[in-house]
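Visitor: Below is target07.pdb; it holds PDB, C-alpha atoms and all ligand atoms.
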ATOM      1  CA  MET A   8    -102.050 -44.456 -62.751  1.00  0.00           C
ATOM      2  CA  LEU A   9     -98.484 -44.876 -63.971  1.00  0.00           C
ATOM      3  CA  GLN A  10     -96.519 -41.715 -64.678  1.00  0.00           C
ATOM      4  CA  LEU A  11     -93.505 -41.377 -66.877  1.00  0.00           C
ATOM      5  CA  GLU A  12     -90.483 -39.159 -66.395  1.00  0.00           C
ATOM      6  CA  SER A  13     -87.636 -39.065 -68.890  1.00  0.00           C
ATOM      7  CA  LEU A  14     -84.060 -37.878 -68.489  1.00  0.00           C
ATOM      8  CA  VAL A  15     -81.628 -37.620 -71.405  1.00  0.00           C
ATOM      9  CA  PHE A  16     -78.168 -39.077 -70.791  1.00  0.00           C
ATOM     10  CA  ASN A  17     -74.785 -39.898 -72.349  1.00  0.00           C
ATOM     11  CA  PRO A  18     -73.262 -38.857 -75.710  1.00  0.00           C
ATOM     12  CA  PHE A  19     -76.080 -40.694 -77.556  1.00  0.00           C
ATOM     13  CA  SER A  20     -78.861 -38.596 -76.016  1.00  0.00           C
ATOM     14  CA  GLU A  21     -80.487 -41.726 -74.672  1.00  0.00           C
ATOM     15  CA  ASN A  22     -83.844 -41.467 -72.920  1.00  0.00           C
ATOM     16  CA  THR A  23     -83.829 -42.973 -69.449  1.00  0.00           C
ATOM     17  CA  PHE A  24     -87.319 -43.447 -68.022  1.00  0.00           C
ATOM     18  CA  ILE A  25     -88.596 -43.524 -64.465  1.00  0.00           C
ATOM     19  CA  ILE A  26     -92.062 -45.040 -64.165  1.00  0.00           C
ATOM     20  CA  HIS A  27     -93.923 -44.505 -60.913  1.00  0.00           C
ATOM     21  CA  ASP A  28     -97.398 -44.101 -59.444  1.00  0.00           C
ATOM     22  CA  GLU A  29     -99.172 -42.811 -56.354  1.00  0.00           C
ATOM     23  CA  THR A  30     -97.711 -45.584 -54.190  1.00  0.00           C
ATOM     24  CA  LYS A  31     -94.238 -44.159 -54.988  1.00  0.00           C
ATOM     25  CA  GLU A  32     -93.015 -47.515 -56.253  1.00  0.00           C
ATOM     26  CA  CYS A  33     -90.927 -47.081 -59.379  1.00  0.00           C
ATOM     27  CA  VAL A  34     -88.914 -48.894 -62.017  1.00  0.00           C
ATOM     28  CA  ILE A  35     -85.993 -47.388 -63.902  1.00  0.00           C
ATOM     29  CA  VAL A  36     -85.916 -48.265 -67.592  1.00  0.00           C
ATOM     30  CA  ASP A  37     -82.569 -48.126 -69.430  1.00  0.00           C
ATOM     31  CA  PRO A  38     -80.429 -46.140 -66.995  1.00  0.00           C
ATOM     32  CA  GLY A  39     -78.035 -44.465 -69.420  1.00  0.00           C
ATOM     33  CA  CYS A  40     -76.256 -42.271 -66.875  1.00  0.00           C
ATOM     34  CA  SER A  41     -72.568 -42.424 -67.798  1.00  0.00           C
ATOM     35  CA  ASN A  42     -70.871 -40.158 -65.239  1.00  0.00           C
ATOM     36  CA  ALA A  43     -71.334 -38.881 -61.693  1.00  0.00           C
ATOM     37  CA  ALA A  44     -73.236 -35.765 -62.762  1.00  0.00           C
ATOM     38  CA  GLU A  45     -75.777 -37.829 -64.713  1.00  0.00           C
ATOM     39  CA  GLU A  46     -76.099 -40.316 -61.848  1.00  0.00           C
ATOM     40  CA  ASP A  47     -76.794 -37.382 -59.523  1.00  0.00           C
ATOM     41  CA  ARG A  48     -79.620 -36.195 -61.791  1.00  0.00           C
ATOM     42  CA  LEU A  49     -81.229 -39.639 -61.824  1.00  0.00           C
ATOM     43  CA  PHE A  50     -80.803 -40.246 -58.103  1.00  0.00           C
ATOM     44  CA  GLY A  51     -81.897 -36.676 -57.387  1.00  0.00           C
ATOM     45  CA  TYR A  52     -85.194 -37.241 -59.180  1.00  0.00           C
ATOM     46  CA  ILE A  53     -85.827 -40.541 -57.409  1.00  0.00           C
ATOM     47  CA  ASP A  54     -84.835 -39.283 -53.976  1.00  0.00           C
ATOM     48  CA  SER A  55     -86.546 -35.893 -54.139  1.00  0.00           C
ATOM     49  CA  HIS A  56     -89.818 -37.610 -55.105  1.00  0.00           C
ATOM     50  CA  GLN A  57     -89.233 -40.195 -52.338  1.00  0.00           C
ATOM     51  CA  LEU A  58     -89.663 -43.007 -54.836  1.00  0.00           C
ATOM     52  CA  LYS A  59     -89.082 -46.648 -53.934  1.00  0.00           C
ATOM     53  CA  PRO A  60     -87.171 -48.356 -56.765  1.00  0.00           C
ATOM     54  CA  LEU A  61     -88.268 -51.940 -57.453  1.00  0.00           C
ATOM     55  CA  MET A  62     -85.972 -52.895 -60.315  1.00  0.00           C
ATOM     56  CA  VAL A  63     -84.123 -51.786 -63.409  1.00  0.00           C
ATOM     57  CA  ILE A  64     -85.583 -52.951 -66.727  1.00  0.00           C
ATOM     58  CA  ASN A  65     -83.547 -52.867 -69.942  1.00  0.00           C
ATOM     59  CA  THR A  66     -85.222 -52.662 -73.346  1.00  0.00           C
ATOM     60  CA  HIS A  67     -82.015 -54.044 -74.876  1.00  0.00           C
ATOM     61  CA  GLY A  68     -78.349 -54.504 -74.075  1.00  0.00           C
ATOM     62  CA  HIS A  69     -76.615 -51.729 -76.038  1.00  0.00           C
ATOM     63  CA  VAL A  70     -74.168 -49.791 -73.943  1.00  0.00           C
ATOM     64  CA  ASP A  71     -76.050 -46.474 -74.141  1.00  0.00           C
ATOM     65  CA  HIS A  72     -79.028 -48.165 -72.412  1.00  0.00           C
ATOM     66  CA  VAL A  73     -77.219 -50.235 -69.776  1.00  0.00           C
ATOM     67  CA  VAL A  74     -74.198 -48.116 -68.823  1.00  0.00           C
ATOM     68  CA  GLY A  75     -75.848 -46.901 -65.602  1.00  0.00           C
ATOM     69  CA  ASN A  76     -77.206 -50.313 -64.521  1.00  0.00           C
ATOM     70  CA  ASN A  77     -74.556 -51.093 -61.933  1.00  0.00           C
ATOM     71  CA  ALA A  78     -74.678 -47.651 -60.320  1.00  0.00           C
ATOM     72  CA  VAL A  79     -78.463 -47.906 -59.850  1.00  0.00           C
ATOM     73  CA  LYS A  80     -78.216 -51.484 -58.598  1.00  0.00           C
ATOM     74  CA  ARG A  81     -75.600 -50.522 -56.055  1.00  0.00           C
ATOM     75  CA  ARG A  82     -77.387 -47.447 -54.774  1.00  0.00           C
ATOM     76  CA  TYR A  83     -80.812 -49.019 -54.288  1.00  0.00           C
ATOM     77  CA  GLY A  84     -79.944 -52.717 -53.847  1.00  0.00           C
ATOM     78  CA  ILE A  85     -82.302 -53.750 -56.644  1.00  0.00           C
ATOM     79  CA  MET A  86     -82.155 -56.269 -59.482  1.00  0.00           C
ATOM     80  CA  VAL A  87     -81.939 -55.846 -63.239  1.00  0.00           C
ATOM     81  CA  ALA A  88     -84.591 -57.504 -65.401  1.00  0.00           C
ATOM     82  CA  ALA A  89     -84.118 -58.144 -69.112  1.00  0.00           C
ATOM     83  CA  HIS A  90     -84.846 -60.677 -71.835  1.00  0.00           C
ATOM     84  CA  PRO A  91     -82.289 -63.535 -71.786  1.00  0.00           C
ATOM     85  CA  ASP A  92     -81.495 -63.086 -75.493  1.00  0.00           C
ATOM     86  CA  MET A  93     -79.773 -59.808 -74.559  1.00  0.00           C
ATOM     87  CA  HIS A  94     -76.978 -61.441 -72.581  1.00  0.00           C
ATOM     88  CA  ASN A  95     -74.443 -61.309 -75.383  1.00  0.00           C
ATOM     89  CA  ASP A  96     -74.891 -57.558 -75.747  1.00  0.00           C
ATOM     90  CA  PHE A  97     -74.351 -57.111 -72.004  1.00  0.00           C
ATOM     91  CA  ILE A  98     -71.093 -59.036 -72.296  1.00  0.00           C
ATOM     92  CA  GLN A  99     -70.051 -56.891 -75.270  1.00  0.00           C
ATOM     93  CA  ALA A 100     -71.195 -53.555 -73.830  1.00  0.00           C
ATOM     94  CA  LYS A 101     -67.798 -52.582 -72.438  1.00  0.00           C
ATOM     95  CA  ARG A 102     -66.175 -53.239 -75.828  1.00  0.00           C
ATOM     96  CA  GLN A 103     -69.024 -51.524 -77.620  1.00  0.00           C
ATOM     97  CA  ALA A 104     -68.297 -48.342 -75.657  1.00  0.00           C
ATOM     98  CA  VAL A 105     -64.785 -48.376 -77.154  1.00  0.00           C
ATOM     99  CA  TRP A 106     -66.049 -48.943 -80.745  1.00  0.00           C
ATOM    100  CA  LEU A 107     -68.513 -46.117 -80.342  1.00  0.00           C
ATOM    101  CA  GLY A 108     -65.920 -43.681 -78.969  1.00  0.00           C
ATOM    102  CA  MET A 109     -67.510 -43.368 -75.515  1.00  0.00           C
ATOM    103  CA  GLN A 110     -65.524 -42.842 -72.350  1.00  0.00           C
ATOM    104  CA  PRO A 111     -64.365 -46.262 -71.089  1.00  0.00           C
ATOM    105  CA  VAL A 112     -67.020 -48.027 -69.022  1.00  0.00           C
ATOM    106  CA  GLY A 113     -66.604 -50.814 -66.461  1.00  0.00           C
ATOM    107  CA  ASP A 114     -68.014 -54.314 -66.666  1.00  0.00           C
ATOM    108  CA  ILE A 115     -71.782 -54.422 -66.703  1.00  0.00           C
ATOM    109  CA  ASP A 116     -73.357 -57.255 -64.711  1.00  0.00           C
ATOM    110  CA  LEU A 117     -75.577 -59.718 -66.523  1.00  0.00           C
ATOM    111  CA  PRO A 118     -79.288 -59.270 -65.746  1.00  0.00           C
ATOM    112  CA  ASP A 119     -80.536 -60.907 -62.561  1.00  0.00           C
ATOM    113  CA  VAL A 120     -84.103 -61.634 -63.704  1.00  0.00           C
ATOM    114  CA  ASP A 121     -85.310 -62.987 -67.066  1.00  0.00           C
ATOM    115  CA  LEU A 122     -88.285 -61.342 -68.734  1.00  0.00           C
ATOM    116  CA  GLN A 123     -90.481 -63.129 -71.273  1.00  0.00           C
ATOM    117  CA  ASP A 124     -92.909 -62.087 -73.956  1.00  0.00           C
ATOM    118  CA  ASP A 125     -96.321 -61.024 -72.605  1.00  0.00           C
ATOM    119  CA  GLN A 126     -95.036 -60.996 -69.018  1.00  0.00           C
ATOM    120  CA  GLU A 127     -96.771 -58.517 -66.732  1.00  0.00           C
ATOM    121  CA  ILE A 128     -94.728 -56.385 -64.342  1.00  0.00           C
ATOM    122  CA  LYS A 129     -96.565 -54.802 -61.430  1.00  0.00           C
ATOM    123  CA  VAL A 130     -95.491 -51.276 -60.474  1.00  0.00           C
ATOM    124  CA  GLY A 131     -97.510 -49.944 -57.544  1.00  0.00           C
ATOM    125  CA  ASN A 132    -101.132 -50.195 -58.645  1.00  0.00           C
ATOM    126  CA  GLY A 133    -100.168 -50.226 -62.305  1.00  0.00           C
ATOM    127  CA  MET A 134     -99.042 -52.826 -64.813  1.00  0.00           C
ATOM    128  CA  LEU A 135     -96.480 -52.944 -67.591  1.00  0.00           C
ATOM    129  CA  GLU A 136     -96.619 -55.609 -70.293  1.00  0.00           C
ATOM    130  CA  VAL A 137     -93.512 -56.966 -71.985  1.00  0.00           C
ATOM    131  CA  ILE A 138     -93.775 -57.050 -75.777  1.00  0.00           C
ATOM    132  CA  CYS A 139     -90.883 -58.752 -77.593  1.00  0.00           C
ATOM    133  CA  THR A 140     -89.731 -56.493 -80.446  1.00  0.00           C
ATOM    134  CA  PRO A 141     -86.405 -57.934 -81.686  1.00  0.00           C
ATOM    135  CA  GLY A 142     -84.599 -56.749 -84.807  1.00  0.00           C
ATOM    136  CA  HIS A 143     -82.560 -53.744 -83.673  1.00  0.00           C
ATOM    137  CA  ALA A 144     -80.885 -56.022 -81.120  1.00  0.00           C
ATOM    138  CA  GLN A 145     -81.489 -59.573 -79.972  1.00  0.00           C
ATOM    139  CA  GLY A 146     -83.963 -59.814 -77.155  1.00  0.00           C
ATOM    140  CA  SER A 147     -85.218 -56.223 -77.524  1.00  0.00           C
ATOM    141  CA  ILE A 148     -88.450 -55.569 -75.687  1.00  0.00           C
ATOM    142  CA  SER A 149     -91.042 -52.815 -75.555  1.00  0.00           C
ATOM    143  CA  LEU A 150     -92.963 -51.984 -72.383  1.00  0.00           C
ATOM    144  CA  TYR A 151     -96.672 -51.301 -72.751  1.00  0.00           C
ATOM    145  CA  ALA A 152     -98.809 -49.491 -70.192  1.00  0.00           C
ATOM    146  CA  ARG A 153    -102.208 -50.571 -71.512  1.00  0.00           C
ATOM    147  CA  ALA A 154    -104.360 -48.637 -69.038  1.00  0.00           C
ATOM    148  CA  GLU A 155    -102.388 -45.415 -69.574  1.00  0.00           C
ATOM    149  CA  GLY A 156    -102.094 -45.836 -73.353  1.00  0.00           C
ATOM    150  CA  TRP A 157     -98.363 -45.524 -73.888  1.00  0.00           C
ATOM    151  CA  VAL A 158     -95.483 -47.762 -74.883  1.00  0.00           C
ATOM    152  CA  LEU A 159     -91.712 -47.531 -74.464  1.00  0.00           C
ATOM    153  CA  THR A 160     -90.162 -48.902 -77.650  1.00  0.00           C
ATOM    154  CA  GLY A 161     -86.437 -48.789 -76.852  1.00  0.00           C
ATOM    155  CA  ASP A 162     -84.566 -48.487 -80.147  1.00  0.00           C
ATOM    156  CA  ALA A 163     -87.117 -50.495 -82.183  1.00  0.00           C
ATOM    157  CA  LEU A 164     -89.408 -47.649 -83.276  1.00  0.00           C
ATOM    158  CA  PHE A 165     -88.577 -43.935 -83.321  1.00  0.00           C
ATOM    159  CA  CYS A 166     -90.520 -40.887 -84.436  1.00  0.00           C
ATOM    160  CA  ARG A 167     -90.404 -41.286 -88.270  1.00  0.00           C
ATOM    161  CA  SER A 168     -87.522 -43.733 -88.017  1.00  0.00           C
ATOM    162  CA  ILE A 169     -86.520 -47.178 -86.792  1.00  0.00           C
ATOM    163  CA  GLY A 170     -83.481 -48.594 -85.013  1.00  0.00           C
ATOM    164  CA  ARG A 171     -80.310 -49.365 -86.941  1.00  0.00           C
ATOM    165  CA  THR A 172     -79.918 -53.014 -87.864  1.00  0.00           C
ATOM    166  CA  ASP A 173     -76.209 -53.114 -88.722  1.00  0.00           C
ATOM    167  CA  LEU A 174     -74.967 -53.942 -85.207  1.00  0.00           C
ATOM    168  CA  PRO A 175     -74.415 -57.590 -84.161  1.00  0.00           C
ATOM    169  CA  GLY A 176     -77.775 -59.318 -83.720  1.00  0.00           C
ATOM    170  CA  GLY A 177     -79.614 -56.728 -85.805  1.00  0.00           C
ATOM    171  CA  ASP A 178     -81.863 -57.767 -88.695  1.00  0.00           C
ATOM    172  CA  PHE A 179     -84.051 -55.443 -90.743  1.00  0.00           C
ATOM    173  CA  SER A 180     -86.800 -57.872 -91.717  1.00  0.00           C
ATOM    174  CA  THR A 181     -87.091 -59.064 -88.103  1.00  0.00           C
ATOM    175  CA  LEU A 182     -87.400 -55.473 -86.915  1.00  0.00           C
ATOM    176  CA  ARG A 183     -89.993 -54.593 -89.541  1.00  0.00           C
ATOM    177  CA  GLU A 184     -92.000 -57.684 -88.583  1.00  0.00           C
ATOM    178  CA  SER A 185     -91.771 -56.783 -84.873  1.00  0.00           C
ATOM    179  CA  ILE A 186     -93.065 -53.272 -85.549  1.00  0.00           C
ATOM    180  CA  ARG A 187     -95.855 -54.389 -87.868  1.00  0.00           C
ATOM    181  CA  THR A 188     -97.140 -57.278 -85.799  1.00  0.00           C
ATOM    182  CA  ARG A 189     -96.461 -56.158 -82.217  1.00  0.00           C
ATOM    183  CA  LEU A 190     -96.509 -52.339 -82.200  1.00  0.00           C
ATOM    184  CA  PHE A 191     -98.728 -51.293 -85.119  1.00  0.00           C
ATOM    185  CA  THR A 192    -101.405 -53.603 -83.688  1.00  0.00           C
ATOM    186  CA  LEU A 193    -101.719 -51.359 -80.598  1.00  0.00           C
ATOM    187  CA  PRO A 194    -104.439 -48.665 -80.649  1.00  0.00           C
ATOM    188  CA  ASP A 195    -103.597 -45.745 -82.977  1.00  0.00           C
ATOM    189  CA  GLU A 196    -103.759 -43.227 -80.147  1.00  0.00           C
ATOM    190  CA  THR A 197    -101.075 -45.058 -78.132  1.00  0.00           C
ATOM    191  CA  GLU A 198     -98.239 -42.664 -77.296  1.00  0.00           C
ATOM    192  CA  VAL A 199     -94.793 -43.965 -78.237  1.00  0.00           C
ATOM    193  CA  PHE A 200     -91.760 -43.036 -76.123  1.00  0.00           C
ATOM    194  CA  PRO A 201     -88.596 -44.196 -77.899  1.00  0.00           C
ATOM    195  CA  GLY A 202     -85.096 -44.701 -76.537  1.00  0.00           C
ATOM    196  CA  HIS A 203     -83.894 -41.591 -78.383  1.00  0.00           C
ATOM    197  CA  GLY A 204     -85.646 -38.451 -79.560  1.00  0.00           C
ATOM    198  CA  GLU A 205     -89.174 -37.211 -79.240  1.00  0.00           C
ATOM    199  CA  SER A 206     -92.437 -39.050 -78.660  1.00  0.00           C
ATOM    200  CA  THR A 207     -94.980 -39.917 -81.333  1.00  0.00           C
ATOM    201  CA  THR A 208     -98.077 -42.131 -81.643  1.00  0.00           C
ATOM    202  CA  ILE A 209     -98.718 -45.508 -83.223  1.00  0.00           C
ATOM    203  CA  GLY A 210    -101.225 -43.916 -85.628  1.00  0.00           C
ATOM    204  CA  GLU A 211     -98.747 -41.273 -86.829  1.00  0.00           C
ATOM    205  CA  GLU A 212     -96.031 -43.846 -87.408  1.00  0.00           C
ATOM    206  CA  LYS A 213     -98.418 -46.112 -89.329  1.00  0.00           C
ATOM    207  CA  ASN A 214     -99.139 -43.160 -91.601  1.00  0.00           C
ATOM    208  CA  PHE A 215     -95.801 -41.409 -91.849  1.00  0.00           C
ATOM    209  CA  ASN A 216     -92.925 -43.735 -90.915  1.00  0.00           C
ATOM    210  CA  PRO A 217     -90.997 -44.177 -94.190  1.00  0.00           C
ATOM    211  CA  PHE A 218     -89.219 -47.339 -93.060  1.00  0.00           C
ATOM    212  CA  VAL A 219     -92.258 -49.438 -92.202  1.00  0.00           C
ATOM    213  CA  ALA A 220     -94.905 -48.868 -94.843  1.00  0.00           C
ATOM    214  CA  VAL A 221     -98.161 -50.529 -93.771  1.00  0.00           C
TER
HETATM  215 ZN    ZN A 301     -79.681 -49.725 -79.343  1.00  0.00          ZN
HETATM  216 ZN    ZN A 302     -79.881 -46.498 -78.137  1.00  0.00          ZN
END
Go ahead and render the structure in this file as structure tokens.
Ligand SMILES: [Zn+2]
Ligand SMILES: [Zn+2]
Guide:
Amino acid sequence: MLQLESLVFNPFSENTFIIHDETKECVIVDPGCSNAAEEDRLFGYIDSHQLKPLMVINTHGHVDHVVGNNAVKRRYGIMVAAHPDMHNDFIQAKRQAVWLGMQPVGDIDLPDVDLQDDQEIKVGNGMLEVICTPGHAQGSISLYARAEGWVLTGDALFCRSIGRTDLPGGDFSTLRESIRTRLFTLPDETEVFPGHGESTTIGEEKNFNPFVAV
């Protein structure tokens, strides 16, 4: 049974997720740790639970979600997996930090492993499914734990909101289509864990999200 732990990092209050199960294998989704203290919190969780990191997975390439990639890669000797359409955002992430008024960040390596729509990622005895949900950024993905009944939506779908679409590669109608056809088709009781803010469910967002009327 996959378990989810979230830590909130960087000036954008980004949710970094650690997914693990009874085998102690884990993946780190969107490591947003942006300084040594935040890295210590992430590594402290992983090390104190004696977890065995398999890979980093990025839901998209915005700097608040990838800024900790290299630190995690270096510490655990693991690879970064992401959708290939995100590469441009990885290249721009350092510059994006400047636009957004963050502390300067170093270069962020391009992903090592390409993920595709519907791909299954084994974590211990559990399984995550890649669901392509572009629109907030190119190549954005969600990660669905079907057996556990939850989904990580990155910055595509938030509690009562959706991701901004004014950044390069963003497109509102694409995002709305992604949410309607790929997320709102999941069971209503599915718990939604977004890249920022609190959790919600698919059913609640179908009823109450003002940006994506069903
Ligand atoms: Zn974003
Ligand atoms: Zn974000």
Visitor: Let me know the residues the PyMOL selection byres (((not hetatm)) within 8 of (chain A and resi 302)) catches in the file above, as a list in words.
Guide: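 After applying the PyMOL selection byres (((not hetatm)) within 8 of (chain A and resi 302)), what remains is Phe19, Glu21, His69, Val70, Asp71, His72, Gly161, Asp162, Gly202 and His203 of chain A.
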Visitor: Within 12 Å of ligand ZN 301 (chain A), which residues show up when you count all atoms listed in the file? List them as a PyMOL selection string, please.
Guide: chain A and resi 19-22+37+39+65-74+93+96-97+100+103+107+141-148+160-165+169-177+201-203
Visitor: How far is it from atom CA of A:Lys213 to atom CA of A:Asp125, in Å with one decimal?
Guide: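 Between atom CA of A:Lys213 and atom CA of A:Asp125 the gap works out to 22.5 Å.
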Visitor: If we count all atoms listed in the file and set the cut-off at 9 Å, which residues sit around A:Glu211, ignoring sequence neighbours fewer than 2 positions away in its own chain? Please answer as a ChimeraX atom specification.
Guide: /A:166-167,195-196,207-209,213-216
Visitor: What is the distance between atom CA of A:Tyr83 and atom CA of A:Lys129, in Å to one decimal?
Guide: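 That distance, rounded to one decimal, is 18.2 Å.
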Visitor: Kindly compute an axis-aligned box around the listed atoms of stretch 175-194 of chain A, allowing 6 Å on each side, and express its centre and edge lengths in Å to one decimal as AutoDock Vina command-line options.
Guide:
--center_x -89.4 --center_y -54.0 --center_z -86.2 --size_x 42.0 --size_y 22.7 --size_z 23.1
Visitor: Given the file shown, determine the residues that the PyMOL selection byres (((chain A and resi 9) around 7) and not hetatm) selects; report them as number ranges by chain.
Guide: A: 8, 10-11, 26-28, 133, 155
Visitor: Please compute the atom CA of A:Met134-atom CA of A:Glu184 distance, one decimal, in Å.
Guide: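 Value for the atom CA of A:Met134-atom CA of A:Glu184 distance: 25.3 Å.
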Visitor: Residues picked by the PyMOL selection byres (((chain A and resi 31) around 8) and not hetatm) here, as a PyMOL selection string?
Guide: chain A and resi 27-30+32-33+56-59+131
Visitor: Please determine, counting only C-alpha atoms, which residue among A:Gly210, A:Gly84, A:Pro217, A:Gly75 has the shortest atom-to-atom distance to A:Glu198.
Guide: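 Of all the options, A:Gly210 lies closest to A:Glu198.
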Visitor: Just want the 10 Å neighbourhood of stretch 122-124 of chain A, counted on only C-alpha atoms, with same-chain residues fewer than 3 positions away dropped. Output as a list in words.
Guide: Ile64, Asn65, Ala88, Ala89, His90, Pro91, Asp92, Pro118, Asp119, Glu127, Ile128, Glu136, Val137, Ile138, Cys139, Thr140, Gly146, Ile148 and Ser149 of chain A
Visitor: Counting all atoms listed in the file, figure out which residue out of A:Ser41, A:Ser185, A:Asn95, A:Thr192 gets nearest to A:Val112.
Guide: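 Using all atoms listed in the file, A:Val112 sits closest to A:Ser41.
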Visitor: Using all atoms listed in the file for the distances, tell me which of A:Leu135, A:Thr188, A:His94, A:Asn42 is nearest to A:Ala154.
Guide: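 Checking each of A:Leu135, A:Thr188, A:His94, A:Asn42 against A:Ala154, counting all atoms listed in the file, the winner is A:Leu135.
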